[in-house]
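*Asks:* Sending over a structure as structure tokens; questions will come in a sec.
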Amino acid sequence: MQLAQLLVFLILFPLIAAFFLLLAKKDLERDWIVKLSALVIGVVSVYLLITTFDKGAMLVSVIPAEPTGLVMFILEMLIAVFILYLGITHKKWLVVGLILVQSVMMLYFEMVYAHTIHVESGLFIDEFSNIMALIIGIIGSLICVYSLGYMKFFHEHHPEMPDKRPYFFGILFLFLAAMFGLVFANNIIWVYFFWEVTTLCSFLLIGYTKTEEATNNAFNALWMNLLGGVAFAGAILYLGMFGNGVMGLSELMATGKVIALIPAALIGFAGLTKAAQLPFSSWLVGAMVAPTPVSALLHSSTMVKAGVYILVRLAPIFQTTVTGYMIAMVGAVTFLLASGIAISQSNAKRVLAYSTIANLGLIVACAGIGTYEAIWAAILLIVFHAISKSLLFLSVGTVEHRIKSREIDDMNGLIVRMPKIAAMMVIGIAGMFLLPFGMLISKWAAVRAFIDAPYGFLFVIILAFGSALTLFFWAKWMGKIIAVTSDSKNIEGEVDPREWAALVSLAGLSFITTLVFPMLSTKLLEPFLMANYGRVAQLSQDNIIIMILMLFLLMVMPLSILLPARKHRHLAPYMGGRTTTHDMRFSGSLGVQKKTVLSNYYLHDWFGETKLRTWGIWLSSGLIAVMFIATILRGVLS
Amino acid sequence: MINIVWAIIFVLVAPVIGGLVAGIDRKITAHMQGRVGPSVFQPFYDVGKLFEKENAVVNETQIFYVICYIIFIAFTGALFFSGGDLLLVVFALTLAQIFLVLGAFAANSPYSYVGAERELLQIMAYEPMVILTAVGMFVVTKSFNVADIAASATPVVLLLPGIFLGFLYTLTIKLRKSPFDISTSHHAHQEIVKGVTTEFSGPTLGLIEIAHFYETVFLLGFIYLFFGFNPLVGVIAVIVIYLLEILLDNTNARVKWQLAVKSSWMIAAIVGVINLAVLYFLAGGA
């Protein structure tokens with residue numbers, strides 16, 4: 001009973017907070033509501049972990065299924081009408097068509113099949129849901145707190161935009177509620193409902209600024225996610241027709257591949273759209289027009305994580321099927337190409353966007369392969385990516401407000417101009433690709449998983465190339481930040497305390513999770529793998545010790561700055577014999593003083609966005625087509 | 001599993017061996033060019049002299065990055081020689097290299113900046129092949145542990161001929177030998193103001209030299225892994241391969257970075273796919 005209350009609390013509480021935020025017009029009220037709600041959500045999600053610890057998967061059957069289902073259905077239809085209205089007024093006929101198809105499918109299901117299906121347990125919780133809840137509850141709430149500072153600044157500096165902060169924060173918390181619902185729902189129809197709510201929320205947030213670009217990108221995101229929604233509705237309809245009354249995730253996993261594979265493929269396709277895999281990657285890149293905290297939320301703890309969540313959930317069904325391999329291949333291709341495209345991007349947020357797409361690709365590849373080792377790697381990737389990526393987005397957001405630019409080249413010498421935020425950014429970047437930190441541990445786990453999987457060598461090769469590309473764009477960005485430009489002034493000033501609190505907490509989290517990673521693995525991941533696969537994956541004790549050693553080494557090194565150091569003689573950098581001042585100014589022709597400007601390599605000829613994306617769209621569309629054909633053939637033959 | 005004694009021996013002895021290798025390298029190079037060449041101990045004299053010089057810097061952070069670089073290079077080698085996990089070794093090496101690159105970036109000088117970007121291109125060029133080498137060794141010996149691979153009776157090189165050749169190709173990049181000494185070169189005639197090391201001088205440059213000694217020994221050890229089944233053959237192979245690298249170094253001019261990156265990738269992709277696929281299907285496929 002208590003468990004049910006906890007789960008329902010986590011779903012409903014953000015909703016209530018959202019309601020009050022809609023009403024709160026004063027900054028002070030909003031501040032307190034957001035801070036307190038964030039605290040409550042964070043604490044309850046940790047408490048949930050404590051109460052369910054070591055208990056394995058638990059189904060919750062006390063919620064009356066029929067009335068709840070009816071309420072959800074009515075809300076769904078209201079959402080559909082709303083989207084229909086927006087689609088018509090903006091003349092987005094693709095959106096109109098998709099929402100019509102989807103609603104007709106769900107109406108048909110509701111009238112013909114719904115009464116034949118009864119799902120005993122609407123909600124459930126296991127270690128994986130627990131991990132997701134922690135990500136949503138802690139990182140999601142931190143981002144909301146950060147938004148307080150960011151959005152205040154945003155509206156002060158964009159007086160031309162209507163200040164709709166009550167609406168903005170309301171949607172943020174609605175988003176969190178939907179995500180909690182999504183990871184706790186066992187009933188697939190409920191999962192679908194929450195799925196659609198996240199689609200709606202992301203649409204509203206992307207279009208928040210109401211500029212033409214924002215509106216277009218929001219609709220772009222909408223149609224792609226609605227396409228996924230259509231596939232999802234198809235899965236529900238299929239289960240209604242041929243599923244013998246199966247409609248719960250746990251029941252679906254137990255039915256075996258004969259029945260489960262076709263709906264799993266459809267839901268998997270929906271997962272690919274939501275996780276912004278090629279050919280659907282453009283919506284996530286377009287979502288960059290939204291205020292930065294929105295990007296942080298979409299990329300780290302919500303939205304795209306919903307896509308990979310469902311894929312990882314269904315992974316046991318995909319294991320050793322052509323369907324699974326094709327999904328994995330889509331992920332692997334996305335990983336490789338998106339990492340390449342990231343090299344050619346000079347805008348920090350676009351680099352982050354492509355890096356997210358790439359990392360999600362890796363998670364999708366692991367989920368598609370679906371062995372116990374691959375799932376271990378996938379969940380680690382989800383956790384560590386959420387932390388580092390949110391930290392990076394939030395620090396880019398803070399920097400952006402000060403230097404009025406998102407260009408990486410404009411971040412030259414950030415360590416001098418804004419030492420504190422630059423340090424946060426460096427921690428974030430290091431977390432994404434360097435050794436003792438989580439993302440690299442996860443990639444390492446992925447290598448090992450791929451080697452042991454059938455045809456895994458293909459994936460290993462793609463991973464080897466992809467991580468080389470990853471290294472290039474992260475390292476050159478890091479180099480920009482840490483370049484010491486001695487003429488610059490410290491312009492950091494007072495960082496908004498709410499922004500700062502979020503940044504420091506996330507930076508702390510990236511160290512702590514790396515330290516407690518062995519515990520995370522043995523206490524949460526291993527029981528989950530044991531329950532679903534009967535086997536566990538882990539790193540050897542030696543390697544863990546070595547990595548902790550490295551982490552300490554890295555943490556101790558920067559302290560050397562505190563040591564009383566002998567002052568060394570400072571010389572100006574070498575400028576080919578020109579007379580140069582120490583701040584890199586030299587006399588050009590006609591005696592004009594010129595400033596040296598350094599810019600990164602972007603290698604457009606090799607990694608140009610248009611070229612790689614075009615390839616990627618064709619290749620991944622082909623793979624998805626093969627996936628569906630193979631799934632149907634298998635269904636027909638068996 | 002991990003042998004601390006070997007780690008300590010590596011940290012203490014590797015600079016000496018690495019320095020001697022560099023000295024012999026210079027002697028042979030000189031003979032190839034019709035010169036007498038310096039004493040084989042010249043690298044030690046050079047480093048010693050660097051440490052006597054004044055430590056002039058563009059800014060203090062450079063020193064920090066270089067110290068991190070040498071510590072993690074030594075760490076990488078120690079991990080390797082103590083028999084640790086090969087993938088971990090590869091990733092630790094990357095971490096070390098990144099510190100050198102950061103040191104060059106930190107100076108905010110045009111020449112070291114170009115050097116840093118080129119160094120990154122080089123890392124990007126060799127990284128896939130090095131990871132595939134580790135994977136290939138795992139496939140044939142069923143272990144990632146250097147200790148197990150070195151002690152394995154499996155003739156690794158015979159099972160991984162493609163990967164071995166691919167590794168040799170990228171080894172030239174790692175040893176900073178022509179034609180792939182893209183980011184910094186020992187040949188004065190083809191250098192853009194010393195590339196990645198432009199802004200380092202005195203003791204700081206000395207540390208980079210010592211790090212390079214460490215790295216050389218580590219790389220020679222890596223070659224040995226292909227021949228671990230027969231120690232004698234292994235040692236001979238290491239010597240022969242290093243001599244070949246010297247020959248290559250003296251008979252080639254630096255190529256453009258585009259060619260270096262492209263060719264390394266092509267080779268890694270081709271030999272990686274073929275070699276691993278053959279092993280996979282020989283082992284019985286799925």
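Please note that chains go A, B, ... in the order of the structure tokens, that every chain numbers its residues from 1, and that ligands are numbered from 1 in the order shown.
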Just need the residues of chain A within 7 Å of chain B, counting only C-alpha atoms, so spit them out as a PyMOL selection string.

*Replies:* chain A and resi 434-435+454-455+457+461+464-465+468-469+472+479-480+482-485+568-574+598+601

*Asks:* As a ChimeraX atom specification, please: every residue in segment 262-351 of chain A that DSSP puts in helix (DSSP H, G or I).

*Replies:* /A:262-274,282-289,292-301,304-318,322-344,348-351

*Asks:* Fewer than 4 positions away in the same chain doesn't count, so skip those; otherwise give me all residues within 8 Å of segment 311-313 of chain A, counting only C-alpha atoms, as a PyMOL selection string.

*Replies:* chain A and resi 267-268+271+307+364+367-368+370+375+378-379

*Asks:* Write out, as a PDB file, in the first residue's frame, the residues just selected, with C-alpha atoms.

*Replies:*
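After the write, out.pdb holds the following:
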```
ATOM      1  CA  ILE A 267       7.263   0.542 -29.696  1.00  0.00           C
ATOM      2  CA  GLY A 268      10.973   0.318 -30.504  1.00  0.00           C
ATOM      3  CA  GLY A 271      11.616   4.837 -29.039  1.00  0.00           C
ATOM      4  CA  GLY A 307      12.973   6.767 -25.742  1.00  0.00           C
ATOM      5  CA  VAL A 364      20.202   2.156 -28.569  1.00  0.00           C
ATOM      6  CA  ALA A 367      19.553  -2.121 -26.187  1.00  0.00           C
ATOM      7  CA  GLY A 368      19.171  -3.634 -29.647  1.00  0.00           C
ATOM      8  CA  GLY A 370      20.110  -6.852 -25.656  1.00  0.00           C
ATOM      9  CA  ILE A 375      22.123  -3.707 -20.940  1.00  0.00           C
ATOM     10  CA  ALA A 378      23.260   0.896 -21.573  1.00  0.00           C
ATOM     11  CA  ILE A 379      22.019   1.740 -18.095  1.00  0.00           C
TER      12      ILE A 379
END
```

*Asks:* Let me make sure I understand: among A:Pro159, A:Gly431, A:Pro419, A:Pro497, which one has the smallest atom-to-atom distance to Ser147 of chain A if we use only C-alpha atoms?

*Replies:*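 Closest residue, counting only C-alpha atoms: A:Pro497.
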
*Asks:* Find the residues around Pro203 of chain B up to 10 Å (only C-alpha atoms counted), leave out those fewer than 3 positions away in its own chain, and share them as a ChimeraX atom specification.

*Replies:* /B:47-56,63,200,206-209

*Asks:* Let's have the selection written as a CSV table (one decimal), in the first residue's frame, with N, CA and C atoms.

*Replies:*
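Generated output (result_20.csv):
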```csv
chain,number,residue,atom,x,y,z
B,47,VAL,N,68.6,16.2,-21.9
B,47,VAL,CA,67.5,16.4,-20.8
B,47,VAL,C,68.2,17.1,-19.6
B,48,GLY,N,69.4,16.7,-19.3
B,48,GLY,CA,70.1,17.3,-18.2
B,48,GLY,C,70.3,18.8,-18.4
B,49,LYS,N,70.6,19.1,-19.6
B,49,LYS,CA,70.9,20.5,-19.9
B,49,LYS,C,69.6,21.3,-19.8
B,50,LEU,N,68.5,20.7,-20.3
B,50,LEU,CA,67.2,21.4,-20.2
B,50,LEU,C,66.8,21.8,-18.8
B,51,PHE,N,67.2,20.8,-17.9
B,51,PHE,CA,66.8,21.1,-16.5
B,51,PHE,C,67.7,22.2,-15.9
B,52,GLU,N,68.9,22.4,-16.5
B,52,GLU,CA,69.7,23.5,-15.9
B,52,GLU,C,69.2,24.9,-16.4
B,53,LYS,N,68.3,24.9,-17.4
B,53,LYS,CA,67.9,26.2,-17.9
B,53,LYS,C,66.9,26.8,-17.1
B,54,GLU,N,66.7,28.1,-17.3
B,54,GLU,CA,65.6,28.8,-16.6
B,54,GLU,C,64.3,28.4,-17.1
B,55,ASN,N,63.4,28.3,-16.1
B,55,ASN,CA,62.0,27.8,-16.5
B,55,ASN,C,61.2,29.0,-16.9
B,56,ALA,N,61.2,29.4,-18.2
B,56,ALA,CA,60.4,30.5,-18.7
B,56,ALA,C,59.2,29.9,-19.3
B,63,ILE,N,52.8,24.3,-16.9
B,63,ILE,CA,53.6,23.4,-16.1
B,63,ILE,C,52.7,22.3,-15.5
B,200,PHE,N,57.0,25.3,-24.9
B,200,PHE,CA,57.6,24.7,-23.7
B,200,PHE,C,59.1,24.9,-23.8
B,206,GLY,N,62.0,19.4,-20.7
B,206,GLY,CA,62.7,18.2,-20.3
B,206,GLY,C,61.8,17.1,-19.8
B,207,LEU,N,60.7,17.5,-19.1
B,207,LEU,CA,59.7,16.6,-18.7
B,207,LEU,C,59.0,15.9,-19.9
B,208,ILE,N,58.7,16.7,-20.9
B,208,ILE,CA,58.1,16.1,-22.1
B,208,ILE,C,59.0,15.1,-22.7
B,209,GLU,N,60.3,15.4,-22.7
B,209,GLU,CA,61.3,14.4,-23.3
B,209,GLU,C,61.3,13.1,-22.5
```
